[in-house]
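Asker: Here it is, the structure in full.
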Amino acid sequence: MRLLTIIFCLFAFTVNAQDGNKFHLNQIQTIGSHNSYKKKPDEKVFSFLLKFKKRLGNDLNPEGIDYGHLPFDSQFNYYPVRGLEIDIYNDPKGGSFYKRRINAFVHGVKQKSGIEELKKPGFKVLHIKDVDYQTNYYSFKQALTAVKKWSDEHPKHLPLFINVETKGDGPGDVSGLLRFFGFKRSIKFDAAACDSIDAEIKSVFGNDLKSILTPDKIRGNYSSLNEMAIHNDWPLLDSCRGKIIFIMEGDAEKTYPVGHPSLQGRAMFYYAEPGKPECAFVIRNGAKSEKQEIKELVKKGYIVRTRADGDTREARENDSTSRDAAFESGAQIISTDYYKPELRWSNYRVSFPAGKIVRSNPVNAPIGVKEFEIKE
């Protein structure tokens, strides 16, 4: 009887391992952090903003920026996070973010940051120019280096989805009055800036981008990324271990694909609309309002990113309806600020049952294949 038990256990383990090999990259769900680099705002700046809460209105409510994240390696090591979001601003000459303009109005906070990294040319990482500037990584290269270091130390990890938001606006772009008080316009992302994004990624990960799943690698022999996606021909999950995928959105979206049909030669994907040659990844952040559309997109073969929460609302109200809708939608990348709860307000958090890092997709997982266990 004991021998039969041992044989059964070995058989079960073998089936489990084989099941994992049957999953394609688009047949899982992962959790990613939102604005993953961000620290909580400077306390004095935040108190200053709260004084003007009523004047700013709901769209600019400072309570919406009252959150922060751990360094990347801590998110990966201690929480079920396998996706990041990194906001970048263009700063080709350097120095554009060395001063924090809002500090001129806040007693006891200096405008000059004193941070030498901010004087150097290259993309800078922060949430809102001149206002919400506290960050674990001042430059894109610093953030990329942190990702590479962890990846190199965990060569069998699940693929990491890195959302790169190219930001081309700030307070100085929307208010002439603020420009009068010294707030500068943001530098837009032109063709040279788009090329520089790829160059910075290569400067950290190597010109061959060996550990990056690029559009060229994913497209394979198909004529376009969209064709690959609707044929559901994403690579097997096990072949993606130790790899990183960059997906871009924001100010550079229209310029980045120019001259690169179906993103040929590019380091990153971008969130395109279904049917476009560049489309493999789709963004639909309204998990509740867009749940049915997300399901249909997932069934068609696209990888979809959605959000479980936003602007601290769900955590303050302990409201899990958006999170649950995100899970049910089948969106493969679920973005959150609360992979760990903010206990000032509630126990709200976003995690899979039993602390799983990844789970089989409820909409398009292989038929007859049960849940599987992945450690990294």
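We name chains A, B, ... following the order of the structure tokens; residues begin at 1 in each chain, and ligands are numbered from 1 as shown.
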Run DSSP on the backbone and give me the residues of range 199-302 of chain A it puts in alpha helix (DSSP H), as a list in words.
Answerer: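 Of range 199-302 of chain A, only Ala199, Glu200, Ile201, Lys202, Ser203, Val204, Phe205, Pro215, Asp216, Lys217, Ile218, Arg219, Leu225, Asn226, Glu227, Met228, Ala229, Ile230, Lys291, Gln292, Glu293, Ile294, Lys295, Glu296, Leu297, Val298, Lys299 and Lys300 of chain A fall in alpha helix (DSSP H).
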Asker: The selected residues should be written to file as a tab-separated table (two decimals), in the first residue's frame (atoms: N, CA, C and O atoms).
Answerer:
```tsv
chain	number	residue	atom	x	y	z
A	199	ALA	N	17.96	52.53	-26.63
A	199	ALA	CA	19.40	52.58	-26.36
A	199	ALA	C	19.69	52.41	-24.86
A	199	ALA	O	20.65	51.71	-24.49
A	200	GLU	N	18.86	53.01	-24.02
A	200	GLU	CA	19.08	52.86	-22.57
A	200	GLU	C	18.81	51.43	-22.12
A	200	GLU	O	19.51	50.89	-21.26
A	201	ILE	N	17.78	50.79	-22.71
A	201	ILE	CA	17.52	49.39	-22.37
A	201	ILE	C	18.71	48.53	-22.78
A	201	ILE	O	19.18	47.66	-22.02
A	202	LYS	N	19.25	48.77	-23.97
A	202	LYS	CA	20.41	48.00	-24.45
A	202	LYS	C	21.65	48.28	-23.61
A	202	LYS	O	22.49	47.38	-23.42
A	203	SER	N	21.79	49.49	-23.11
A	203	SER	CA	22.96	49.82	-22.30
A	203	SER	C	23.01	49.02	-21.00
A	203	SER	O	24.08	48.80	-20.44
A	204	VAL	N	21.85	48.56	-20.55
A	204	VAL	CA	21.77	47.76	-19.32
A	204	VAL	C	21.72	46.27	-19.63
A	204	VAL	O	22.40	45.46	-19.00
A	205	PHE	N	20.93	45.88	-20.63
A	205	PHE	CA	20.70	44.46	-20.91
A	205	PHE	C	21.54	43.90	-22.06
A	205	PHE	O	21.49	42.71	-22.34
A	215	PRO	N	9.57	42.30	-29.64
A	215	PRO	CA	8.54	42.04	-30.65
A	215	PRO	C	9.01	41.08	-31.75
A	215	PRO	O	8.24	40.23	-32.20
A	216	ASP	N	10.26	41.21	-32.18
A	216	ASP	CA	10.76	40.32	-33.23
A	216	ASP	C	10.77	38.86	-32.78
A	216	ASP	O	10.44	37.95	-33.56
A	217	LYS	N	11.13	38.64	-31.52
A	217	LYS	CA	11.16	37.26	-31.01
A	217	LYS	C	9.76	36.68	-30.87
A	217	LYS	O	9.53	35.50	-31.15
A	218	ILE	N	8.84	37.48	-30.41
A	218	ILE	CA	7.47	37.00	-30.20
A	218	ILE	C	6.73	36.84	-31.53
A	218	ILE	O	5.93	35.91	-31.71
A	219	ARG	N	6.99	37.72	-32.49
A	219	ARG	CA	6.29	37.68	-33.76
A	219	ARG	C	6.59	36.41	-34.54
A	219	ARG	O	5.73	35.84	-35.22
A	225	LEU	N	2.44	41.24	-35.39
A	225	LEU	CA	2.16	40.82	-34.02
A	225	LEU	C	0.68	40.49	-33.84
A	225	LEU	O	0.32	39.56	-33.13
A	226	ASN	N	-0.16	41.27	-34.50
A	226	ASN	CA	-1.60	41.01	-34.39
A	226	ASN	C	-1.95	39.62	-34.93
A	226	ASN	O	-2.75	38.89	-34.34
A	227	GLU	N	-1.32	39.23	-36.02
A	227	GLU	CA	-1.58	37.91	-36.59
A	227	GLU	C	-1.14	36.81	-35.63
A	227	GLU	O	-1.84	35.82	-35.44
A	228	MET	N	0.03	36.99	-35.00
A	228	MET	CA	0.49	36.03	-34.01
A	228	MET	C	-0.51	35.90	-32.86
A	228	MET	O	-0.86	34.79	-32.44
A	229	ALA	N	-1.00	37.04	-32.38
A	229	ALA	CA	-1.90	37.05	-31.23
A	229	ALA	C	-3.22	36.34	-31.54
A	229	ALA	O	-3.68	35.49	-30.76
A	230	ILE	N	-3.83	36.66	-32.67
A	230	ILE	CA	-5.14	36.08	-32.96
A	230	ILE	C	-5.03	34.60	-33.34
A	230	ILE	O	-6.04	33.88	-33.33
A	291	LYS	N	-15.15	44.70	-18.19
A	291	LYS	CA	-14.88	43.28	-17.91
A	291	LYS	C	-15.23	42.38	-19.09
A	291	LYS	O	-14.44	41.52	-19.48
A	292	GLN	N	-16.40	42.57	-19.67
A	292	GLN	CA	-16.81	41.69	-20.77
A	292	GLN	C	-15.93	41.89	-21.99
A	292	GLN	O	-15.57	40.92	-22.67
A	293	GLU	N	-15.57	43.14	-22.28
A	293	GLU	CA	-14.68	43.39	-23.43
A	293	GLU	C	-13.33	42.75	-23.20
A	293	GLU	O	-12.74	42.18	-24.13
A	294	ILE	N	-12.83	42.84	-21.96
A	294	ILE	CA	-11.54	42.21	-21.65
A	294	ILE	C	-11.61	40.70	-21.90
A	294	ILE	O	-10.70	40.11	-22.50
A	295	LYS	N	-12.69	40.08	-21.45
A	295	LYS	CA	-12.85	38.64	-21.68
A	295	LYS	C	-12.77	38.29	-23.16
A	295	LYS	O	-12.10	37.33	-23.55
A	296	GLU	N	-13.44	39.09	-23.99
A	296	GLU	CA	-13.45	38.82	-25.42
A	296	GLU	C	-12.06	39.02	-26.02
A	296	GLU	O	-11.64	38.24	-26.90
A	297	LEU	N	-11.35	40.02	-25.56
A	297	LEU	CA	-9.99	40.27	-26.07
A	297	LEU	C	-9.05	39.13	-25.69
A	297	LEU	O	-8.21	38.70	-26.49
A	298	VAL	N	-9.20	38.63	-24.46
A	298	VAL	CA	-8.38	37.51	-24.01
A	298	VAL	C	-8.69	36.26	-24.84
A	298	VAL	O	-7.78	35.53	-25.27
A	299	LYS	N	-9.97	36.02	-25.11
A	299	LYS	CA	-10.35	34.87	-25.94
A	299	LYS	C	-9.78	34.97	-27.34
A	299	LYS	O	-9.44	33.95	-27.96
A	300	LYS	N	-9.66	36.20	-27.85
A	300	LYS	CA	-9.13	36.39	-29.20
A	300	LYS	C	-7.62	36.15	-29.27
A	300	LYS	O	-7.08	35.96	-30.36
```
Asker: Applying 7 Å and only C-alpha atoms, which residues near range 273-281 of chain A remain after dropping the ones on its own chain fewer than 3 positions away? List them as a ChimeraX atom specification.
Answerer: /A:224-226,229,262-263,270,302-304
Asker: Show which residues sit within 6 Å of Ile333 in chain A, as a ChimeraX atom specification. Count only C-alpha atoms, and ignore same-chain residues fewer than 6 positions away.
Answerer: /A:30-31,305
Asker: Write out the residues from the selection above, keeping all heavy atoms, as a PDB file, in the first residue's frame.
Answerer:
```
ATOM      1  N   THR A  30      -1.103  37.345 -13.826  1.00  0.00           N
ATOM      2  CA  THR A  30      -0.049  37.810 -12.934  1.00  0.00           C
ATOM      3  C   THR A  30      -0.480  39.120 -12.284  1.00  0.00           C
ATOM      4  O   THR A  30      -1.369  39.814 -12.776  1.00  0.00           O
ATOM      5  CB  THR A  30       1.269  38.048 -13.689  1.00  0.00           C
ATOM      6  OG1 THR A  30       1.049  39.032 -14.717  1.00  0.00           O
ATOM      7  CG2 THR A  30       1.780  36.776 -14.323  1.00  0.00           C
ATOM      8  N   ILE A  31       0.191  39.460 -11.207  1.00  0.00           N
ATOM      9  CA  ILE A  31      -0.061  40.715 -10.504  1.00  0.00           C
ATOM     10  C   ILE A  31       1.145  41.625 -10.678  1.00  0.00           C
ATOM     11  O   ILE A  31       2.291  41.199 -10.482  1.00  0.00           O
ATOM     12  CB  ILE A  31      -0.332  40.456  -9.008  1.00  0.00           C
ATOM     13  CG1 ILE A  31      -1.660  39.700  -8.853  1.00  0.00           C
ATOM     14  CG2 ILE A  31      -0.368  41.764  -8.214  1.00  0.00           C
ATOM     15  CD1 ILE A  31      -1.910  39.179  -7.460  1.00  0.00           C
ATOM     16  N   ARG A 305      -3.847  44.256 -20.079  1.00  0.00           N
ATOM     17  CA  ARG A 305      -3.517  44.822 -18.774  1.00  0.00           C
ATOM     18  C   ARG A 305      -4.703  45.617 -18.269  1.00  0.00           C
ATOM     19  O   ARG A 305      -5.303  46.407 -19.003  1.00  0.00           O
ATOM     20  CB  ARG A 305      -2.300  45.742 -18.893  1.00  0.00           C
ATOM     21  CG  ARG A 305      -1.821  46.309 -17.556  1.00  0.00           C
ATOM     22  CD  ARG A 305      -2.209  47.748 -17.360  1.00  0.00           C
ATOM     23  NE  ARG A 305      -1.395  48.395 -16.337  1.00  0.00           N
ATOM     24  CZ  ARG A 305      -1.438  49.682 -16.027  1.00  0.00           C
ATOM     25  NH1 ARG A 305      -2.284  50.477 -16.662  1.00  0.00           N
ATOM     26  NH2 ARG A 305      -0.669  50.196 -15.088  1.00  0.00           N
TER      27      ARG A 305
END
```
Asker: Counting only C-alpha atoms, which residue out of A:Ala104, A:Ile187, A:Leu144, A:Ile247 sits closest to Asp73 in chain A?
Answerer: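 Of all the options, A:Leu144 lies closest to Asp73 in chain A.
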Asker: Write out as a PyMOL selection string the residues lying within 6 Å of Asp87 in chain A, counting only C-alpha atoms and excluding same-chain residues fewer than 3 positions away.
Answerer: chain A and resi 125+164-165
Asker: Hey, can you spit out that residue selection with N, CA and C atoms as a short mmCIF file (atom, residue, chain, number, x, y, z; two decimals), in the first residue's frame?
Answerer:
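The resulting file, part34.cif, is reproduced below:
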```cif
data_model
loop_
_atom_site.label_atom_id
_atom_site.label_comp_id
_atom_site.auth_asym_id
_atom_site.auth_seq_id
_atom_site.Cartn_x
_atom_site.Cartn_y
_atom_site.Cartn_z
N VAL A 125 12.76 59.19 -13.59
CA VAL A 125 11.64 58.39 -13.09
C VAL A 125 10.97 59.11 -11.93
N VAL A 164 6.17 50.64 -19.30
CA VAL A 164 6.93 51.90 -19.33
C VAL A 164 6.00 53.00 -19.83
N GLU A 165 5.64 53.91 -18.94
CA GLU A 165 4.78 55.02 -19.33
C GLU A 165 5.61 56.24 -19.64
#
```
Asker: Mind dumping a table of every range 20-92 of chain A residue within 7 Å of range 341-358 of chain A, with the nearest atom pair and its distance in Å to one decimal, using only C-alpha atoms, sorted by chain and rising number, as CSV?
Answerer:
```
residue,atom,partner,partner_atom,distance
A:Ile28,CA,A:Val358,CA,6.7
A:Gln29,CA,A:Val358,CA,5.8
A:Thr30,CA,A:Val358,CA,5.1
A:Pro80,CA,A:Ile357,CA,4.5
A:Val81,CA,A:Ile357,CA,6.9
```
Asker: Neighbouring residues of Ser289 in chain A were defined as those with any atom within 12 Å, considering only C-alpha atoms; residues of the same chain fewer than 2 positions away were excluded. Please report them as a list in words.
Answerer: Arg284, Asn285, Gly286, Ala287, Lys291, Gln292, Glu293, Ile294, Lys295, Thr306, Arg307, Ala308, Thr321, Ser322, Ala325, Ala326 and Ser329 of chain A
Asker: Could the residues in this selection be saved with N, CA and C atoms as a PDB file, in the first residue's frame?
Answerer:
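File written: result35.pdb
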```
ATOM      1  N   ARG A 284      -6.822  47.969 -20.966  1.00  0.00           N
ATOM      2  CA  ARG A 284      -8.209  48.296 -20.620  1.00  0.00           C
ATOM      3  C   ARG A 284      -8.259  48.407 -19.105  1.00  0.00           C
ATOM      4  N   ASN A 285      -8.064  49.618 -18.594  1.00  0.00           N
ATOM      5  CA  ASN A 285      -7.890  49.804 -17.153  1.00  0.00           C
ATOM      6  C   ASN A 285      -9.184  49.729 -16.350  1.00  0.00           C
ATOM      7  N   GLY A 286     -10.331  49.827 -17.010  1.00  0.00           N
ATOM      8  CA  GLY A 286     -11.599  49.786 -16.284  1.00  0.00           C
ATOM      9  C   GLY A 286     -12.084  48.372 -16.062  1.00  0.00           C
ATOM     10  N   ALA A 287     -11.581  47.708 -15.052  1.00  0.00           N
ATOM     11  CA  ALA A 287     -11.886  46.287 -14.841  1.00  0.00           C
ATOM     12  C   ALA A 287     -13.381  46.035 -14.692  1.00  0.00           C
ATOM     13  N   LYS A 291     -15.154  44.697 -18.187  1.00  0.00           N
ATOM     14  CA  LYS A 291     -14.881  43.281 -17.914  1.00  0.00           C
ATOM     15  C   LYS A 291     -15.235  42.382 -19.089  1.00  0.00           C
ATOM     16  N   GLN A 292     -16.398  42.566 -19.673  1.00  0.00           N
ATOM     17  CA  GLN A 292     -16.814  41.692 -20.767  1.00  0.00           C
ATOM     18  C   GLN A 292     -15.932  41.888 -21.989  1.00  0.00           C
ATOM     19  N   GLU A 293     -15.570  43.138 -22.282  1.00  0.00           N
ATOM     20  CA  GLU A 293     -14.684  43.393 -23.425  1.00  0.00           C
ATOM     21  C   GLU A 293     -13.325  42.753 -23.200  1.00  0.00           C
ATOM     22  N   ILE A 294     -12.826  42.835 -21.965  1.00  0.00           N
ATOM     23  CA  ILE A 294     -11.537  42.209 -21.654  1.00  0.00           C
ATOM     24  C   ILE A 294     -11.606  40.704 -21.903  1.00  0.00           C
ATOM     25  N   LYS A 295     -12.688  40.077 -21.450  1.00  0.00           N
ATOM     26  CA  LYS A 295     -12.852  38.637 -21.679  1.00  0.00           C
ATOM     27  C   LYS A 295     -12.767  38.293 -23.156  1.00  0.00           C
ATOM     28  N   THR A 306      -5.072  45.389 -16.989  1.00  0.00           N
ATOM     29  CA  THR A 306      -6.126  46.172 -16.361  1.00  0.00           C
ATOM     30  C   THR A 306      -5.679  46.568 -14.962  1.00  0.00           C
ATOM     31  N   ARG A 307      -6.517  47.370 -14.302  1.00  0.00           N
ATOM     32  CA  ARG A 307      -6.187  47.810 -12.942  1.00  0.00           C
ATOM     33  C   ARG A 307      -7.217  47.315 -11.948  1.00  0.00           C
ATOM     34  N   ALA A 308      -6.732  46.899 -10.788  1.00  0.00           N
ATOM     35  CA  ALA A 308      -7.613  46.457  -9.709  1.00  0.00           C
ATOM     36  C   ALA A 308      -8.057  47.621  -8.839  1.00  0.00           C
ATOM     37  N   THR A 321     -14.575  45.141  -5.332  1.00  0.00           N
ATOM     38  CA  THR A 321     -15.348  44.822  -6.535  1.00  0.00           C
ATOM     39  C   THR A 321     -14.519  44.965  -7.815  1.00  0.00           C
ATOM     40  N   SER A 322     -13.686  45.980  -7.889  1.00  0.00           N
ATOM     41  CA  SER A 322     -12.852  46.155  -9.079  1.00  0.00           C
ATOM     42  C   SER A 322     -11.789  45.060  -9.149  1.00  0.00           C
ATOM     43  N   ALA A 325     -13.439  41.897 -10.306  1.00  0.00           N
ATOM     44  CA  ALA A 325     -13.747  41.986 -11.733  1.00  0.00           C
ATOM     45  C   ALA A 325     -12.489  41.767 -12.570  1.00  0.00           C
ATOM     46  N   ALA A 326     -11.379  42.308 -12.103  1.00  0.00           N
ATOM     47  CA  ALA A 326     -10.103  42.109 -12.815  1.00  0.00           C
ATOM     48  C   ALA A 326      -9.736  40.637 -12.865  1.00  0.00           C
ATOM     49  N   SER A 329     -12.080  38.800 -15.264  1.00  0.00           N
ATOM     50  CA  SER A 329     -12.000  39.238 -16.664  1.00  0.00           C
ATOM     51  C   SER A 329     -11.033  38.404 -17.488  1.00  0.00           C
TER      52      SER A 329
END
```
Asker: Which one of A:Leu160, A:Ala252, A:Leu178, A:Ile102 sits closest to Ile212 in chain A if you count only C-alpha atoms?
Answerer: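 With only C-alpha atoms as the atom set, the closest residue is A:Leu160.
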Asker: Would you mind telling me which residue in A:Gly168, A:Pro62, A:Ala365, A:Ala146 lies nearest to Asn232 in chain A when using only C-alpha atoms?
Answerer: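 Checking each candidate against Asn232 in chain A, we get A:Ala365 as the closest.
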Asker: Considering only C-alpha atoms, state which residue in the set A:Gly250, A:Tyr338, A:Glu290, A:Glu116 is at the smallest distance from Tyr271 in chain A.
Answerer: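 Smallest distance to Tyr271 in chain A is found for A:Gly250.
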Asker: So, counting only C-alpha atoms, which residue among A:Phe246, A:Tyr67, A:Tyr339, A:Phe180 is closest to Thr135 in chain A?
Answerer: A:Tyr67
Asker: Among range 256-313 of chain A, which ones does DSSP assign to strand (DSSP E or B) (computed from the backbone)? Answer as a PDB file with all heavy atoms, in the first residue's frame.
Answerer:
```
ATOM      1  N   PHE A 269       7.229  46.429 -26.828  1.00  0.00           N
ATOM      2  CA  PHE A 269       5.897  46.438 -27.406  1.00  0.00           C
ATOM      3  C   PHE A 269       5.241  47.763 -27.015  1.00  0.00           C
ATOM      4  O   PHE A 269       5.803  48.540 -26.240  1.00  0.00           O
ATOM      5  CB  PHE A 269       5.052  45.289 -26.847  1.00  0.00           C
ATOM      6  CG  PHE A 269       5.577  43.921 -27.181  1.00  0.00           C
ATOM      7  CD1 PHE A 269       6.576  43.335 -26.415  1.00  0.00           C
ATOM      8  CD2 PHE A 269       5.056  43.209 -28.250  1.00  0.00           C
ATOM      9  CE1 PHE A 269       7.059  42.070 -26.716  1.00  0.00           C
ATOM     10  CE2 PHE A 269       5.529  41.945 -28.556  1.00  0.00           C
ATOM     11  CZ  PHE A 269       6.538  41.376 -27.787  1.00  0.00           C
ATOM     12  N   TYR A 270       4.049  48.020 -27.528  1.00  0.00           N
ATOM     13  CA  TYR A 270       3.242  49.088 -26.946  1.00  0.00           C
ATOM     14  C   TYR A 270       1.789  48.656 -26.970  1.00  0.00           C
ATOM     15  O   TYR A 270       1.399  47.749 -27.704  1.00  0.00           O
ATOM     16  CB  TYR A 270       3.470  50.434 -27.646  1.00  0.00           C
ATOM     17  CG  TYR A 270       2.687  50.685 -28.901  1.00  0.00           C
ATOM     18  CD1 TYR A 270       1.537  51.471 -28.887  1.00  0.00           C
ATOM     19  CD2 TYR A 270       3.104  50.170 -30.126  1.00  0.00           C
ATOM     20  CE1 TYR A 270       0.825  51.727 -30.045  1.00  0.00           C
ATOM     21  CE2 TYR A 270       2.405  50.425 -31.294  1.00  0.00           C
ATOM     22  CZ  TYR A 270       1.254  51.197 -31.246  1.00  0.00           C
ATOM     23  OH  TYR A 270       0.557  51.440 -32.399  1.00  0.00           O
ATOM     24  N   TYR A 271       0.994  49.275 -26.107  1.00  0.00           N
ATOM     25  CA  TYR A 271      -0.418  48.923 -26.013  1.00  0.00           C
ATOM     26  C   TYR A 271      -1.156  49.510 -27.209  1.00  0.00           C
ATOM     27  O   TYR A 271      -1.479  50.694 -27.234  1.00  0.00           O
ATOM     28  CB  TYR A 271      -1.009  49.440 -24.703  1.00  0.00           C
ATOM     29  CG  TYR A 271      -0.493  48.715 -23.475  1.00  0.00           C
ATOM     30  CD1 TYR A 271       0.364  49.344 -22.584  1.00  0.00           C
ATOM     31  CD2 TYR A 271      -0.868  47.404 -23.214  1.00  0.00           C
ATOM     32  CE1 TYR A 271       0.825  48.691 -21.455  1.00  0.00           C
ATOM     33  CE2 TYR A 271      -0.405  46.740 -22.098  1.00  0.00           C
ATOM     34  CZ  TYR A 271       0.447  47.384 -21.217  1.00  0.00           C
ATOM     35  OH  TYR A 271       0.906  46.724 -20.111  1.00  0.00           O
ATOM     36  N   PHE A 281      -0.446  43.417 -27.196  1.00  0.00           N
ATOM     37  CA  PHE A 281      -0.848  43.826 -25.852  1.00  0.00           C
ATOM     38  C   PHE A 281      -1.891  44.936 -25.953  1.00  0.00           C
ATOM     39  O   PHE A 281      -1.757  45.866 -26.755  1.00  0.00           O
ATOM     40  CB  PHE A 281       0.362  44.338 -25.067  1.00  0.00           C
ATOM     41  CG  PHE A 281       1.364  43.270 -24.722  1.00  0.00           C
ATOM     42  CD1 PHE A 281       2.333  42.890 -25.635  1.00  0.00           C
ATOM     43  CD2 PHE A 281       1.329  42.632 -23.490  1.00  0.00           C
ATOM     44  CE1 PHE A 281       3.260  41.908 -25.333  1.00  0.00           C
ATOM     45  CE2 PHE A 281       2.246  41.647 -23.168  1.00  0.00           C
ATOM     46  CZ  PHE A 281       3.213  41.282 -24.097  1.00  0.00           C
ATOM     47  N   VAL A 282      -2.918  44.830 -25.107  1.00  0.00           N
ATOM     48  CA  VAL A 282      -4.012  45.805 -25.085  1.00  0.00           C
ATOM     49  C   VAL A 282      -4.190  46.292 -23.655  1.00  0.00           C
ATOM     50  O   VAL A 282      -4.075  45.507 -22.708  1.00  0.00           O
ATOM     51  CB  VAL A 282      -5.333  45.167 -25.585  1.00  0.00           C
ATOM     52  CG1 VAL A 282      -6.471  46.173 -25.550  1.00  0.00           C
ATOM     53  CG2 VAL A 282      -5.160  44.607 -26.995  1.00  0.00           C
ATOM     54  N   ILE A 283      -4.474  47.567 -23.488  1.00  0.00           N
ATOM     55  CA  ILE A 283      -4.719  48.112 -22.149  1.00  0.00           C
ATOM     56  C   ILE A 283      -6.193  48.488 -22.016  1.00  0.00           C
ATOM     57  O   ILE A 283      -6.753  49.180 -22.874  1.00  0.00           O
ATOM     58  CB  ILE A 283      -3.802  49.329 -21.863  1.00  0.00           C
ATOM     59  CG1 ILE A 283      -3.872  49.740 -20.393  1.00  0.00           C
ATOM     60  CG2 ILE A 283      -4.106  50.496 -22.793  1.00  0.00           C
ATOM     61  CD1 ILE A 283      -2.767  50.688 -19.976  1.00  0.00           C
ATOM     62  N   ARG A 284      -6.822  47.969 -20.966  1.00  0.00           N
ATOM     63  CA  ARG A 284      -8.209  48.296 -20.620  1.00  0.00           C
ATOM     64  C   ARG A 284      -8.259  48.407 -19.105  1.00  0.00           C
ATOM     65  O   ARG A 284      -8.458  47.438 -18.404  1.00  0.00           O
ATOM     66  CB  ARG A 284      -9.181  47.212 -21.117  1.00  0.00           C
ATOM     67  CG  ARG A 284      -9.309  47.093 -22.624  1.00  0.00           C
ATOM     68  CD  ARG A 284     -10.018  48.290 -23.214  1.00  0.00           C
ATOM     69  NE  ARG A 284     -10.279  48.122 -24.652  1.00  0.00           N
ATOM     70  CZ  ARG A 284      -9.448  48.505 -25.621  1.00  0.00           C
ATOM     71  NH1 ARG A 284      -8.272  49.060 -25.289  1.00  0.00           N
ATOM     72  NH2 ARG A 284      -9.771  48.338 -26.889  1.00  0.00           N
ATOM     73  N   ASN A 285      -8.064  49.618 -18.594  1.00  0.00           N
ATOM     74  CA  ASN A 285      -7.890  49.804 -17.153  1.00  0.00           C
ATOM     75  C   ASN A 285      -9.184  49.729 -16.350  1.00  0.00           C
ATOM     76  O   ASN A 285      -9.145  49.597 -15.128  1.00  0.00           O
ATOM     77  CB  ASN A 285      -7.186  51.138 -16.880  1.00  0.00           C
ATOM     78  CG  ASN A 285      -5.691  51.046 -17.136  1.00  0.00           C
ATOM     79  OD1 ASN A 285      -5.101  49.979 -16.996  1.00  0.00           O
ATOM     80  ND2 ASN A 285      -5.077  52.155 -17.509  1.00  0.00           N
ATOM     81  N   GLY A 286     -10.331  49.827 -17.010  1.00  0.00           N
ATOM     82  CA  GLY A 286     -11.599  49.786 -16.284  1.00  0.00           C
ATOM     83  C   GLY A 286     -12.084  48.372 -16.062  1.00  0.00           C
ATOM     84  O   GLY A 286     -12.932  47.868 -16.815  1.00  0.00           O
ATOM     85  N   ILE A 303      -2.928  39.777 -24.941  1.00  0.00           N
ATOM     86  CA  ILE A 303      -2.605  39.927 -23.520  1.00  0.00           C
ATOM     87  C   ILE A 303      -3.104  41.311 -23.090  1.00  0.00           C
ATOM     88  O   ILE A 303      -2.752  42.321 -23.703  1.00  0.00           O
ATOM     89  CB  ILE A 303      -1.103  39.776 -23.256  1.00  0.00           C
ATOM     90  CG1 ILE A 303      -0.695  38.309 -23.446  1.00  0.00           C
ATOM     91  CG2 ILE A 303      -0.744  40.238 -21.844  1.00  0.00           C
ATOM     92  CD1 ILE A 303       0.770  38.020 -23.165  1.00  0.00           C
ATOM     93  N   VAL A 304      -3.904  41.336 -22.029  1.00  0.00           N
ATOM     94  CA  VAL A 304      -4.568  42.561 -21.593  1.00  0.00           C
ATOM     95  C   VAL A 304      -4.064  42.979 -20.221  1.00  0.00           C
ATOM     96  O   VAL A 304      -3.913  42.152 -19.321  1.00  0.00           O
ATOM     97  CB  VAL A 304      -6.100  42.372 -21.541  1.00  0.00           C
ATOM     98  CG1 VAL A 304      -6.789  43.668 -21.131  1.00  0.00           C
ATOM     99  CG2 VAL A 304      -6.633  41.893 -22.894  1.00  0.00           C
ATOM    100  N   ARG A 305      -3.847  44.256 -20.079  1.00  0.00           N
ATOM    101  CA  ARG A 305      -3.517  44.822 -18.774  1.00  0.00           C
ATOM    102  C   ARG A 305      -4.703  45.617 -18.269  1.00  0.00           C
ATOM    103  O   ARG A 305      -5.303  46.407 -19.003  1.00  0.00           O
ATOM    104  CB  ARG A 305      -2.300  45.742 -18.893  1.00  0.00           C
ATOM    105  CG  ARG A 305      -1.821  46.309 -17.556  1.00  0.00           C
ATOM    106  CD  ARG A 305      -2.209  47.748 -17.360  1.00  0.00           C
ATOM    107  NE  ARG A 305      -1.395  48.395 -16.337  1.00  0.00           N
ATOM    108  CZ  ARG A 305      -1.438  49.682 -16.027  1.00  0.00           C
ATOM    109  NH1 ARG A 305      -2.284  50.477 -16.662  1.00  0.00           N
ATOM    110  NH2 ARG A 305      -0.669  50.196 -15.088  1.00  0.00           N
ATOM    111  N   THR A 306      -5.072  45.389 -16.989  1.00  0.00           N
ATOM    112  CA  THR A 306      -6.126  46.172 -16.361  1.00  0.00           C
ATOM    113  C   THR A 306      -5.679  46.568 -14.962  1.00  0.00           C
ATOM    114  O   THR A 306      -4.619  46.142 -14.494  1.00  0.00           O
ATOM    115  CB  THR A 306      -7.456  45.395 -16.325  1.00  0.00           C
ATOM    116  OG1 THR A 306      -8.524  46.307 -16.028  1.00  0.00           O
ATOM    117  CG2 THR A 306      -7.436  44.283 -15.279  1.00  0.00           C
ATOM    118  N   ARG A 307      -6.517  47.370 -14.302  1.00  0.00           N
ATOM    119  CA  ARG A 307      -6.187  47.810 -12.942  1.00  0.00           C
ATOM    120  C   ARG A 307      -7.217  47.315 -11.948  1.00  0.00           C
ATOM    121  O   ARG A 307      -8.425  47.328 -12.214  1.00  0.00           O
ATOM    122  CB  ARG A 307      -6.104  49.340 -12.879  1.00  0.00           C
ATOM    123  CG  ARG A 307      -4.879  49.894 -13.581  1.00  0.00           C
ATOM    124  CD  ARG A 307      -4.787  51.397 -13.451  1.00  0.00           C
ATOM    125  NE  ARG A 307      -4.569  51.813 -12.066  1.00  0.00           N
ATOM    126  CZ  ARG A 307      -4.382  53.086 -11.703  1.00  0.00           C
ATOM    127  NH1 ARG A 307      -4.391  54.046 -12.617  1.00  0.00           N
ATOM    128  NH2 ARG A 307      -4.194  53.387 -10.438  1.00  0.00           N
TER     129      ARG A 307
END
```
